[in-house]
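Colleague: What follows is upload_39.csv; its format and atoms are CSV, C-alpha atoms.
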```csv
chain,number,residue,atom,x,y,z
A,1,MET,CA,41.1,17.6,115.3
A,2,LEU,CA,43.1,20.8,115.7
A,3,LEU,CA,42.9,23.8,113.4
A,4,ALA,CA,45.4,24.5,110.7
A,5,PHE,CA,48.1,26.2,112.8
A,6,SER,CA,50.3,24.0,114.9
A,7,ASN,CA,51.1,26.5,117.7
A,8,PRO,CA,48.1,28.4,118.9
A,9,TYR,CA,50.2,30.6,121.1
A,10,GLN,CA,52.1,32.2,118.2
A,11,ARG,CA,49.0,34.1,117.2
A,12,PHE,CA,49.2,36.5,120.1
A,13,ALA,CA,52.8,36.4,121.3
A,14,HIS,CA,53.4,40.1,121.0
A,15,ARG,CA,55.8,41.5,123.6
A,16,GLY,CA,54.5,44.3,125.8
A,17,LEU,CA,50.8,43.8,125.0
A,18,VAL,CA,48.6,43.7,128.0
A,19,CYS,CA,45.6,41.4,127.6
A,20,SER,CA,43.1,43.5,129.5
A,21,VAL,CA,43.9,46.6,127.3
A,22,LEU,CA,43.9,45.2,123.8
A,23,LEU,CA,40.6,43.3,123.8
A,24,ILE,CA,39.1,45.0,120.7
A,25,GLY,CA,36.6,42.3,120.0
A,26,CYS,CA,35.5,38.9,121.0
A,27,VAL,CA,33.4,35.8,120.2
A,28,GLY,CA,30.2,36.9,118.5
A,29,SER,CA,28.7,40.0,120.1
A,30,LEU,CA,30.2,39.4,123.5
A,31,CYS,CA,31.8,42.9,123.7
A,32,ASP,CA,29.1,45.0,122.1
A,33,PHE,CA,27.8,46.6,125.2
A,34,SER,CA,28.9,49.3,127.7
A,35,HIS,CA,27.8,51.2,130.8
A,36,ALA,CA,26.8,48.1,132.7
A,37,ASP,CA,25.4,50.0,135.7
A,38,GLU,CA,22.8,51.7,133.5
A,39,ALA,CA,21.6,48.5,131.9
A,40,ALA,CA,19.5,45.4,132.3
A,41,TRP,CA,21.3,42.1,132.0
A,42,SER,CA,20.9,39.0,129.8
A,43,ILE,CA,22.7,35.6,130.0
A,44,GLU,CA,23.5,33.3,127.2
A,45,ASN,CA,25.1,29.9,126.7
A,46,LEU,CA,28.4,30.4,124.9
A,47,ALA,CA,29.7,26.9,124.8
A,48,GLY,CA,28.8,23.4,126.0
A,49,THR,CA,25.8,21.1,125.7
A,50,GLY,CA,25.2,20.5,129.4
A,51,SER,CA,26.6,17.0,129.3
A,52,PRO,CA,30.2,16.2,130.3
A,53,GLY,CA,32.5,14.9,127.7
A,54,ALA,CA,35.0,15.8,124.9
A,55,GLU,CA,33.0,15.4,121.7
A,56,GLY,CA,32.9,18.3,119.3
A,57,GLU,CA,36.5,19.2,119.0
A,58,GLY,CA,37.0,21.5,116.1
A,59,GLY,CA,33.3,22.1,115.8
A,60,VAL,CA,30.9,24.8,117.0
A,61,ALA,CA,31.5,25.4,120.7
A,62,SER,CA,27.8,25.7,121.6
A,63,GLU,CA,27.3,22.1,120.2
A,64,ALA,CA,30.4,20.6,121.8
A,65,GLN,CA,30.9,18.9,125.1
A,66,MET,CA,33.2,20.0,127.9
A,67,ASP,CA,33.9,18.6,131.4
A,68,ASN,CA,33.7,21.0,134.4
A,69,PRO,CA,35.1,24.3,133.1
A,70,PHE,CA,36.7,26.2,135.9
A,71,GLY,CA,39.0,29.2,135.2
A,72,VAL,CA,38.0,31.3,132.1
A,73,LEU,CA,39.4,34.4,130.4
A,74,LEU,CA,39.2,36.5,127.3
A,75,GLY,CA,42.5,36.6,125.4
A,76,PRO,CA,44.0,39.3,123.1
A,77,ASP,CA,43.5,36.8,120.3
A,78,ARG,CA,39.7,37.4,120.9
A,79,SER,CA,39.3,33.8,122.0
A,80,VAL,CA,37.7,32.7,125.2
A,81,TRP,CA,40.2,30.4,127.1
A,82,PHE,CA,39.2,28.0,129.9
A,83,CYS,CA,40.5,25.0,131.8
A,84,GLU,CA,38.6,21.8,132.4
A,85,TYR,CA,38.8,20.5,135.9
A,86,GLY,CA,37.2,17.2,134.8
A,87,GLY,CA,38.5,17.1,131.3
A,88,GLN,CA,42.2,17.7,132.2
A,89,ARG,CA,42.5,20.1,129.3
A,90,ILE,CA,43.1,23.8,128.4
A,91,ARG,CA,40.8,24.8,125.6
A,92,ARG,CA,39.6,27.9,123.8
A,93,ILE,CA,36.7,29.1,121.8
A,94,LEU,CA,38.0,30.9,118.7
A,95,PRO,CA,36.5,34.1,117.4
A,96,ASP,CA,34.5,32.1,114.7
A,97,GLY,CA,32.9,30.1,117.5
A,98,THR,CA,34.8,26.8,117.1
A,99,LEU,CA,36.3,24.9,120.0
A,100,GLN,CA,40.0,24.0,120.1
A,101,THR,CA,42.2,22.1,122.6
A,102,VAL,CA,45.5,23.9,123.2
A,103,ALA,CA,46.9,21.7,126.0
A,104,GLY,CA,46.4,18.3,127.6
A,105,THR,CA,45.6,14.9,126.4
A,106,GLY,CA,42.5,14.5,128.5
A,107,GLU,CA,44.2,11.9,130.7
A,108,ARG,CA,44.9,12.7,134.4
A,109,GLY,CA,48.6,12.8,135.3
A,110,TYR,CA,51.7,14.9,135.6
A,111,SER,CA,53.8,14.6,132.5
A,112,GLY,CA,55.0,16.5,129.4
A,113,ASP,CA,57.3,19.1,130.8
A,114,GLY,CA,59.8,20.1,128.1
A,115,GLY,CA,57.5,19.1,125.3
A,116,SER,CA,54.5,20.2,123.5
A,117,ALA,CA,51.6,21.3,125.7
A,118,LEU,CA,49.3,19.2,123.6
A,119,HIS,CA,51.0,16.1,124.9
A,120,ALA,CA,51.1,17.1,128.5
A,121,THR,CA,48.8,15.7,131.3
A,122,PHE,CA,47.2,17.7,134.1
A,123,ASN,CA,45.6,16.9,137.4
A,124,MET,CA,42.5,19.0,137.9
A,125,PRO,CA,43.6,22.4,136.6
A,126,HIS,CA,41.8,25.2,138.3
A,127,GLU,CA,42.7,28.5,136.8
A,128,ILE,CA,44.6,30.1,133.9
A,129,ARG,CA,46.1,33.5,133.3
A,130,LEU,CA,47.9,35.1,130.3
A,131,SER,CA,50.9,37.2,130.8
A,132,ALA,CA,51.6,40.4,128.9
A,133,SER,CA,53.8,38.5,126.5
A,134,GLY,CA,51.2,35.8,125.8
A,135,ASP,CA,52.6,33.0,128.0
A,136,LEU,CA,49.9,30.9,129.6
A,137,TYR,CA,50.1,30.2,133.4
A,138,ILE,CA,48.2,27.3,134.8
A,139,VAL,CA,47.3,26.2,138.4
A,140,ASP,CA,47.7,22.5,138.2
A,141,MET,CA,45.9,21.9,141.5
A,142,GLY,CA,46.1,18.2,141.9
A,143,ASN,CA,49.8,18.2,141.0
A,144,HIS,CA,50.5,21.0,143.6
A,145,CYS,CA,52.3,23.2,141.1
A,146,ILE,CA,52.2,26.1,138.7
A,147,ARG,CA,53.0,25.4,135.0
A,148,LYS,CA,53.7,27.6,132.1
A,149,ILE,CA,53.2,27.3,128.3
A,150,ASP,CA,55.6,29.4,126.4
A,151,ALA,CA,53.8,31.6,123.8
A,152,GLY,CA,56.6,31.3,121.3
A,153,THR,CA,57.2,27.6,121.3
A,154,GLY,CA,54.1,26.0,122.8
A,155,LEU,CA,56.4,24.1,125.2
A,156,ILE,CA,55.2,23.4,128.8
A,157,SER,CA,57.2,23.6,132.0
A,158,THR,CA,56.7,23.6,135.7
A,159,ILE,CA,57.8,27.0,137.3
A,160,ALA,CA,56.7,26.5,140.9
A,161,GLY,CA,56.2,23.4,143.0
A,162,THR,CA,57.8,19.9,143.1
A,163,GLY,CA,54.6,18.0,142.5
A,164,VAL,CA,54.5,16.8,146.1
A,165,ALA,CA,52.1,18.4,148.6
A,166,GLY,CA,53.6,20.2,151.5
A,167,TYR,CA,54.6,23.7,152.7
A,168,PHE,CA,58.2,24.6,152.0
A,169,GLY,CA,60.4,27.0,150.2
A,170,ASP,CA,59.6,30.6,151.0
A,171,GLY,CA,62.6,32.7,150.3
A,172,GLY,CA,64.1,30.2,147.8
A,173,PRO,CA,63.6,29.0,144.3
A,174,ALA,CA,59.9,28.4,143.5
A,175,ILE,CA,60.8,25.3,141.5
A,176,ALA,CA,62.1,23.7,144.7
A,177,ALA,CA,59.1,24.8,146.9
A,178,GLN,CA,56.1,22.8,148.0
A,179,PHE,CA,52.4,23.8,147.7
A,180,LYS,CA,49.3,22.1,148.9
A,181,GLN,CA,46.4,22.3,146.4
A,182,PRO,CA,47.0,25.8,145.0
A,183,HIS,CA,43.8,27.2,143.4
A,184,SER,CA,44.1,30.7,142.0
A,185,LEU,CA,46.8,33.0,140.6
A,186,GLN,CA,46.9,36.5,139.2
A,187,PHE,CA,49.5,39.0,138.0
A,188,GLY,CA,50.1,41.9,140.4
A,189,PRO,CA,50.8,45.5,139.5
A,190,ASP,CA,54.5,44.7,140.2
A,191,GLY,CA,54.5,42.0,137.5
A,192,ASP,CA,54.9,39.3,140.1
A,193,LEU,CA,52.6,36.2,140.1
A,194,TYR,CA,50.4,35.9,143.2
A,195,ILE,CA,49.2,32.4,144.2
A,196,CYS,CA,46.5,31.2,146.5
A,197,ASP,CA,48.1,28.2,148.2
A,198,THR,CA,44.7,27.1,149.5
A,199,GLY,CA,45.7,24.0,151.4
A,200,ASN,CA,48.4,25.9,153.3
A,201,HIS,CA,46.1,28.9,154.0
A,202,VAL,CA,48.6,31.4,152.5
A,203,ILE,CA,49.1,33.7,149.6
A,204,ARG,CA,52.5,33.4,148.0
A,205,ARG,CA,54.3,35.7,145.5
A,206,LEU,CA,56.5,34.5,142.7
A,207,ASP,CA,59.1,36.9,141.3
A,208,LEU,CA,59.1,35.9,137.6
A,209,ALA,CA,62.4,37.7,137.0
A,210,THR,CA,64.3,35.8,139.7
A,211,GLY,CA,62.2,32.7,140.2
A,212,ILE,CA,62.2,33.3,144.0
A,213,LEU,CA,59.0,32.6,146.0
A,214,THR,CA,58.0,34.6,149.1
A,215,LEU,CA,55.2,34.7,151.5
A,216,PHE,CA,52.7,37.5,151.0
A,217,ALA,CA,50.0,36.8,153.5
A,218,GLY,CA,48.8,34.1,155.9
A,219,THR,CA,50.5,32.1,158.6
A,220,GLY,CA,50.2,28.6,157.3
A,221,THR,CA,47.3,27.8,159.7
A,222,ALA,CA,43.6,28.5,159.2
A,223,GLY,CA,42.1,31.1,161.4
A,224,PRO,CA,40.0,34.3,161.6
A,225,THR,CA,41.0,37.4,159.7
A,226,PRO,CA,40.1,40.5,161.8
A,227,ASP,CA,39.1,43.7,160.0
A,228,GLY,CA,42.1,46.1,160.0
A,229,ALA,CA,44.7,43.5,160.7
A,230,ALA,CA,48.2,43.8,159.3
A,231,TRP,CA,49.1,41.9,156.1
A,232,ARG,CA,51.8,39.9,157.8
A,233,GLY,CA,51.1,37.6,160.7
A,234,THR,CA,47.4,37.4,160.2
A,235,PRO,CA,45.8,34.0,159.5
A,236,LEU,CA,43.5,33.3,156.5
A,237,ASN,CA,40.8,30.6,156.2
A,238,GLY,CA,41.0,28.9,152.8
A,239,PRO,CA,42.2,31.7,150.5
A,240,ARG,CA,40.5,30.6,147.3
A,241,SER,CA,40.5,33.2,144.6
A,242,LEU,CA,42.2,36.6,144.1
A,243,ASP,CA,42.2,39.6,141.7
A,244,PHE,CA,43.6,43.1,141.7
A,245,ASP,CA,41.7,46.4,141.4
A,246,ARG,CA,42.8,49.3,139.3
A,247,ASP,CA,44.6,50.9,142.3
A,248,GLY,CA,46.7,47.7,142.8
A,249,ASN,CA,44.8,46.4,145.9
A,250,LEU,CA,44.6,42.7,146.1
A,251,TRP,CA,41.1,41.2,146.7
A,252,LEU,CA,40.6,37.8,148.2
A,253,ALA,CA,37.6,35.4,148.5
A,254,THR,CA,38.1,32.8,151.3
A,255,ARG,CA,36.4,29.5,150.7
A,256,GLU,CA,36.1,28.1,154.2
A,257,GLY,CA,35.9,31.7,155.7
A,258,ASN,CA,32.9,32.7,153.5
A,259,GLN,CA,34.3,36.2,153.3
A,260,VAL,CA,35.9,38.8,151.0
A,261,PHE,CA,38.9,40.9,152.0
A,262,CYS,CA,40.8,43.8,150.4
A,263,PHE,CA,44.5,44.1,151.0
A,264,ASP,CA,44.9,47.8,151.0
A,265,ARG,CA,48.1,48.8,149.3
A,266,ASP,CA,48.5,52.1,151.2
A,267,SER,CA,47.8,51.1,154.8
A,268,ARG,CA,49.1,47.5,154.5
A,269,ARG,CA,46.0,46.5,156.3
A,270,ILE,CA,43.4,43.9,155.5
A,271,GLN,CA,39.9,45.3,155.1
A,272,HIS,CA,36.8,43.1,155.5
A,273,ARG,CA,34.5,43.9,152.6
A,274,ALA,CA,31.9,41.1,152.4
A,275,GLY,CA,30.5,38.1,154.3
A,276,THR,CA,29.8,37.6,158.0
A,277,GLY,CA,31.8,34.4,158.0
A,278,ALA,CA,28.6,32.3,158.4
A,279,SER,CA,27.6,30.0,155.6
A,280,GLY,CA,24.3,31.1,153.9
A,281,LEU,CA,22.6,33.0,151.2
A,282,SER,CA,21.3,36.3,152.6
A,283,GLY,CA,21.9,40.0,152.4
A,284,ASP,CA,21.2,40.8,148.8
A,285,GLY,CA,20.3,44.5,148.5
A,286,GLY,CA,22.1,45.4,151.7
A,287,PRO,CA,25.6,46.0,153.0
A,288,ALA,CA,27.9,43.3,151.6
A,289,GLN,CA,29.6,43.0,155.0
A,290,LEU,CA,26.3,41.8,156.5
A,291,ALA,CA,25.6,39.3,153.7
A,292,THR,CA,26.3,35.6,153.9
A,293,LEU,CA,28.2,33.5,151.4
A,294,ARG,CA,28.6,29.7,150.9
A,295,GLY,CA,32.0,28.6,149.7
A,296,PRO,CA,32.9,31.4,147.2
A,297,LYS,CA,35.4,30.1,144.7
A,298,GLY,CA,35.8,32.9,142.2
A,299,ILE,CA,36.4,36.6,142.2
A,300,ALA,CA,36.8,39.2,139.4
A,301,ILE,CA,36.9,43.0,139.4
A,302,ASP,CA,35.3,44.9,136.5
A,303,ARG,CA,36.3,48.1,134.9
A,304,ASP,CA,34.3,50.2,137.3
A,305,GLY,CA,35.7,48.6,140.4
A,306,ASN,CA,32.7,46.3,141.2
A,307,VAL,CA,33.7,43.0,142.7
A,308,TRP,CA,32.1,39.9,141.2
A,309,LEU,CA,31.9,36.6,143.1
A,310,ALA,CA,31.2,33.1,142.1
A,311,ASP,CA,29.2,32.1,145.2
A,312,THR,CA,29.7,28.5,144.3
A,313,GLU,CA,27.7,26.5,146.8
A,314,ASN,CA,24.9,28.9,146.5
A,315,HIS,CA,24.9,28.3,142.7
A,316,ALA,CA,24.9,32.1,142.1
A,317,VAL,CA,27.0,35.0,140.9
A,318,ARG,CA,26.9,38.0,143.1
A,319,ARG,CA,28.4,41.5,142.9
A,320,ILE,CA,29.7,44.0,145.5
A,321,VAL,CA,28.9,47.5,144.1
A,322,GLN,CA,31.9,49.7,144.3
A,323,THR,CA,30.1,53.0,144.9
A,324,THR,CA,27.8,51.7,147.7
A,325,GLY,CA,29.3,48.6,149.2
A,326,ARG,CA,25.9,46.8,148.5
A,327,MET,CA,25.6,43.1,147.7
A,328,GLU,CA,23.6,42.2,144.6
A,329,ARG,CA,22.7,38.9,143.2
A,330,MET,CA,23.3,39.0,139.4
A,331,VAL,CA,22.8,35.4,138.3
A,332,GLY,CA,21.1,32.4,139.8
A,333,THR,CA,18.1,31.4,141.9
A,334,GLY,CA,20.0,29.9,144.7
A,335,GLU,CA,19.0,26.4,143.5
A,336,ILE,CA,21.2,24.0,141.5
A,337,GLY,CA,20.2,23.7,137.9
A,338,ASP,CA,21.0,24.4,134.2
A,339,GLY,CA,19.6,27.6,132.8
A,340,PRO,CA,17.5,28.7,131.0
A,341,PRO,CA,19.2,31.6,129.1
A,342,GLY,CA,17.6,35.0,129.2
A,343,ASP,CA,16.8,36.5,132.6
A,344,PRO,CA,19.9,35.9,134.7
A,345,LEU,CA,17.9,35.8,137.9
A,346,GLN,CA,15.9,32.9,136.5
A,347,CYS,CA,18.9,31.1,135.1
A,348,LYS,CA,19.9,28.3,137.5
A,349,LEU,CA,23.7,27.5,137.8
A,350,SER,CA,25.5,24.5,139.0
A,351,ARG,CA,28.5,25.2,141.2
A,352,PRO,CA,30.1,28.1,139.1
A,353,HIS,CA,33.8,28.6,139.6
A,354,GLY,CA,35.4,30.9,137.0
A,355,LEU,CA,34.7,34.5,136.3
A,356,PHE,CA,36.2,37.0,134.0
A,357,CYS,CA,35.1,40.7,133.5
A,358,THR,CA,35.7,41.9,130.0
A,359,PRO,CA,36.7,45.6,129.3
A,360,ASP,CA,33.3,46.2,127.6
A,361,GLY,CA,31.2,45.2,130.6
A,362,SER,CA,30.4,41.5,130.0
A,363,VAL,CA,31.1,38.7,132.4
A,364,LEU,CA,32.3,35.2,131.4
A,365,ILE,CA,31.2,32.4,133.8
A,366,GLY,CA,32.6,28.9,134.0
A,367,ASP,CA,29.3,27.1,135.1
A,368,SER,CA,31.2,24.1,136.1
A,369,GLN,CA,28.7,21.3,136.8
A,370,SER,CA,26.4,22.5,134.1
A,371,HIS,CA,29.4,21.9,131.8
A,372,ARG,CA,28.9,25.3,130.1
A,373,ILE,CA,30.6,28.6,129.5
A,374,ARG,CA,28.0,31.3,129.9
A,375,VAL,CA,28.2,35.0,129.2
A,376,LEU,CA,26.3,37.7,131.2
A,377,ARG,CA,26.1,41.0,129.4
A,378,PRO,CA,24.5,44.3,129.8
A,379,VAL,CA,21.6,45.1,127.4
A,380,VAL,CA,21.5,48.8,126.9
A,381,ALA,CA,18.1,50.2,125.9
A,382,ASN,CA,17.9,52.2,122.7
A,383,PRO,CA,17.7,55.9,123.4
```
What is this file in structure tokens?
Modeller:
Amino acid sequence: MLLAFSNPYQRFAHRGLVCSVLLIGCVGSLCDFSHADEAAWSIENLAGTGSPGAEGEGGVASEAQMDNPFGVLLGPDRSVWFCEYGGQRIRRILPDGTLQTVAGTGERGYSGDGGSALHATFNMPHEIRLSASGDLYIVDMGNHCIRKIDAGTGLISTIAGTGVAGYFGDGGPAIAAQFKQPHSLQFGPDGDLYICDTGNHVIRRLDLATGILTLFAGTGTAGPTPDGAAWRGTPLNGPRSLDFDRDGNLWLATREGNQVFCFDRDSRRIQHRAGTGASGLSGDGGPAQLATLRGPKGIAIDRDGNVWLADTENHAVRRIVQTTGRMERMVGTGEIGDGPPGDPLQCKLSRPHGLFCTPDGSVLIGDSQSHRIRVLRPVVANP
């Protein structure tokens, strides 16, 4: 059962407000900490019972079920938003801790464009982002498209992709283009929407003002990405997740490539920053370039420039320290499992996907196959 208001988007549809700047509070005590590099860390369960399902709508999120949460973010309405890969829904945890569905019927499909998002169907949504005006953008992976929920009306539409898998349309209208299993999206410093078209091994850019889609990086064929290579004409191997740092550089985790790259804005060159390319779990405490990863599927950059990775098949969250280039394991034992809360290095995860770094130093984790949203936060000792 939904809460009293009929359109959940109207609560934060304020033109010109940037989500990452206006987060003045959040669920519970999520944002009560600062200076992460000077602190120990603690992990808690924010939502989910550990069992897949949909029971608990409108109740306390920590006592409710969810089904494979993937992308997660903290909105300017102080709610934690996430998409359910298995549940085929977009949901949020309100500031009072209750759980609410904001899009999707729970059935798998591709329907609802032009109508209320609550009556739409999805096919394995992977990631969500909020625009500065409060519109919600969704990677509808299994439908090979990008969809948008208007903040003012709550109506859903497809803005990129035809719903048919393929590779077509660079230089033309995004609505007539074809994608193949897109996974990640993020707004760039130019206001354009950047999309990991994972099945096509490319990153594509959508100009939201014109609706035109262009190729940003990749060749359409999987291949090695040499350090120092040019943005254009260099292959990528499973571009899976992207984010931008404070200088406007694009960071990319490659799933099949088991590496992390930075697209340097000034030199227009691709810099290798983590992962040898081999699949494994090694290198914690040493240079990130010499570490091994196993199917990384999430990336997020915090306020200090540290790069966080959902090292999915290692069931861990790791971090590249901005000042040293060192790789650190932050959550997980390397074995699949479900918790317990407390010490993050003793808390087992189960194929985490989504990450979101809050302005106050906490990190939200979509612990997918544990069917939980967790929060990792710095615990600052009393002086």
Colleague: Using Å and a single decimal, report how far atom CA of A:Gly86 sits from atom CA of A:Val307.
Modeller: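 One can read the atom CA of A:Val307 to atom CA of A:Gly86 distance as 27.2 Å.
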Colleague: What does the structure give for the distance between atom CA of A:Arg273 and atom CA of A:Gly199, in Å to one decimal?
Modeller: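 Computing the Euclidean distance for atom CA of A:Arg273 and atom CA of A:Gly199 yields 22.9 Å.
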Colleague: Need the shell around A:Gln65: protein/DNA/RNA residues with any atom at most 9 Å away, counting all atoms listed in the file. Skip same-chain ones fewer than 5 positions apart. Format as a list in words?
Modeller: Ala47, Gly48, Thr49, Gly50, Ser51, Pro52, Gly53, Ala54, Glu55, Gly56, Glu57, His371 and Arg372 of chain A
Colleague: Could you write out that same residue set with C-alpha atoms as a compact mmCIF listing (two decimals), in the coordinates of the input?
Modeller:
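Generated output (part_36.txt):
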```
# COMPACT_ATOMS: atom_id res chain seq x y z
CA ALA A 47 29.70 26.90 124.80
CA GLY A 48 28.80 23.40 126.00
CA THR A 49 25.80 21.10 125.70
CA GLY A 50 25.20 20.50 129.40
CA SER A 51 26.60 17.00 129.30
CA PRO A 52 30.20 16.20 130.30
CA GLY A 53 32.50 14.90 127.70
CA ALA A 54 35.00 15.80 124.90
CA GLU A 55 33.00 15.40 121.70
CA GLY A 56 32.90 18.30 119.30
CA GLU A 57 36.50 19.20 119.00
CA HIS A 371 29.40 21.90 131.80
CA ARG A 372 28.90 25.30 130.10
```
Colleague: Report the distance between atom CA of A:Pro95 and atom CA of A:Thr153 in Å, rounded to one decimal place.
Modeller: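 So the two atoms, atom CA of A:Pro95 and atom CA of A:Thr153, lie 22.0 Å apart.
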Colleague: Name the residues within 10 Å of (57.3, 36.0, 145.9), counting only C-alpha atoms in the file's coordinates, and put them as a ChimeraX atom specification.
Modeller: /A:170-174,192-195,203-208,210-216
Colleague: Limited to C-alpha atoms, could you put the picked residues into a file as an mmCIF file, in the coordinates of the input?
Modeller:
```cif
data_model
loop_
_atom_site.group_PDB
_atom_site.id
_atom_site.type_symbol
_atom_site.label_atom_id
_atom_site.label_comp_id
_atom_site.auth_asym_id
_atom_site.auth_seq_id
_atom_site.Cartn_x
_atom_site.Cartn_y
_atom_site.Cartn_z
ATOM 1 C CA ASP A 170 59.600 30.600 151.000
ATOM 2 C CA GLY A 171 62.600 32.700 150.300
ATOM 3 C CA GLY A 172 64.100 30.200 147.800
ATOM 4 C CA PRO A 173 63.600 29.000 144.300
ATOM 5 C CA ALA A 174 59.900 28.400 143.500
ATOM 6 C CA ASP A 192 54.900 39.300 140.100
ATOM 7 C CA LEU A 193 52.600 36.200 140.100
ATOM 8 C CA TYR A 194 50.400 35.900 143.200
ATOM 9 C CA ILE A 195 49.200 32.400 144.200
ATOM 10 C CA ILE A 203 49.100 33.700 149.600
ATOM 11 C CA ARG A 204 52.500 33.400 148.000
ATOM 12 C CA ARG A 205 54.300 35.700 145.500
ATOM 13 C CA LEU A 206 56.500 34.500 142.700
ATOM 14 C CA ASP A 207 59.100 36.900 141.300
ATOM 15 C CA LEU A 208 59.100 35.900 137.600
ATOM 16 C CA THR A 210 64.300 35.800 139.700
ATOM 17 C CA GLY A 211 62.200 32.700 140.200
ATOM 18 C CA ILE A 212 62.200 33.300 144.000
ATOM 19 C CA LEU A 213 59.000 32.600 146.000
ATOM 20 C CA THR A 214 58.000 34.600 149.100
ATOM 21 C CA LEU A 215 55.200 34.700 151.500
ATOM 22 C CA PHE A 216 52.700 37.500 151.000
#
```
Colleague: Quick one: residues within 10 Å of A:Gly71, all atoms listed in the file, excluding same-chain residues fewer than 5 positions away - as a ChimeraX atom specification?
Modeller: /A:81-85,90,125-129,138-139,183-184,298,352-356,364-368
Colleague: Taking 2 positions as the minimum chain separation for residues in the same chain, which residues sit within 8 Å of stretch 312-325 of chain A when counting only C-alpha atoms? Answer as a PyMOL selection string.
Modeller: chain A and resi 273-274+280-281+287-288+293-298+304-310+327-336+348-353
Colleague: Let me make sure I understand: among A:Arg91, A:Arg269, A:Arg240, A:Arg232, which one has the smallest atom-to-atom distance to A:Gly257 if we use only C-alpha atoms?
Modeller: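 Closest to A:Gly257, using only C-alpha atoms: A:Arg240.
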Colleague: As a list of chain:residue names, please: the residues near A:His272 (cut-off 12 Å, only C-alpha atoms, same-chain neighbours under 4 positions excluded).
Modeller: A:Pro224, A:Thr225, A:Pro226, A:Asp227, A:Gly228, A:Ala229, A:Leu236, A:Trp251, A:Leu252, A:Ala253, A:Thr254, A:Gly257, A:Asn258, A:Gln259, A:Val260, A:Phe261, A:Cys262, A:Phe263, A:Asp264, A:Thr276, A:Gly277, A:Pro287, A:Ala288, A:Gln289, A:Leu290, A:Ala291, A:Gly325
Colleague: Considering all atoms listed in the file, state which residue in the set A:Val202, A:Ile159, A:Gln88, A:Leu118 is at the smallest distance from A:Gly142.
Modeller: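 Distance minimum relative to A:Gly142 lands on A:Gln88.
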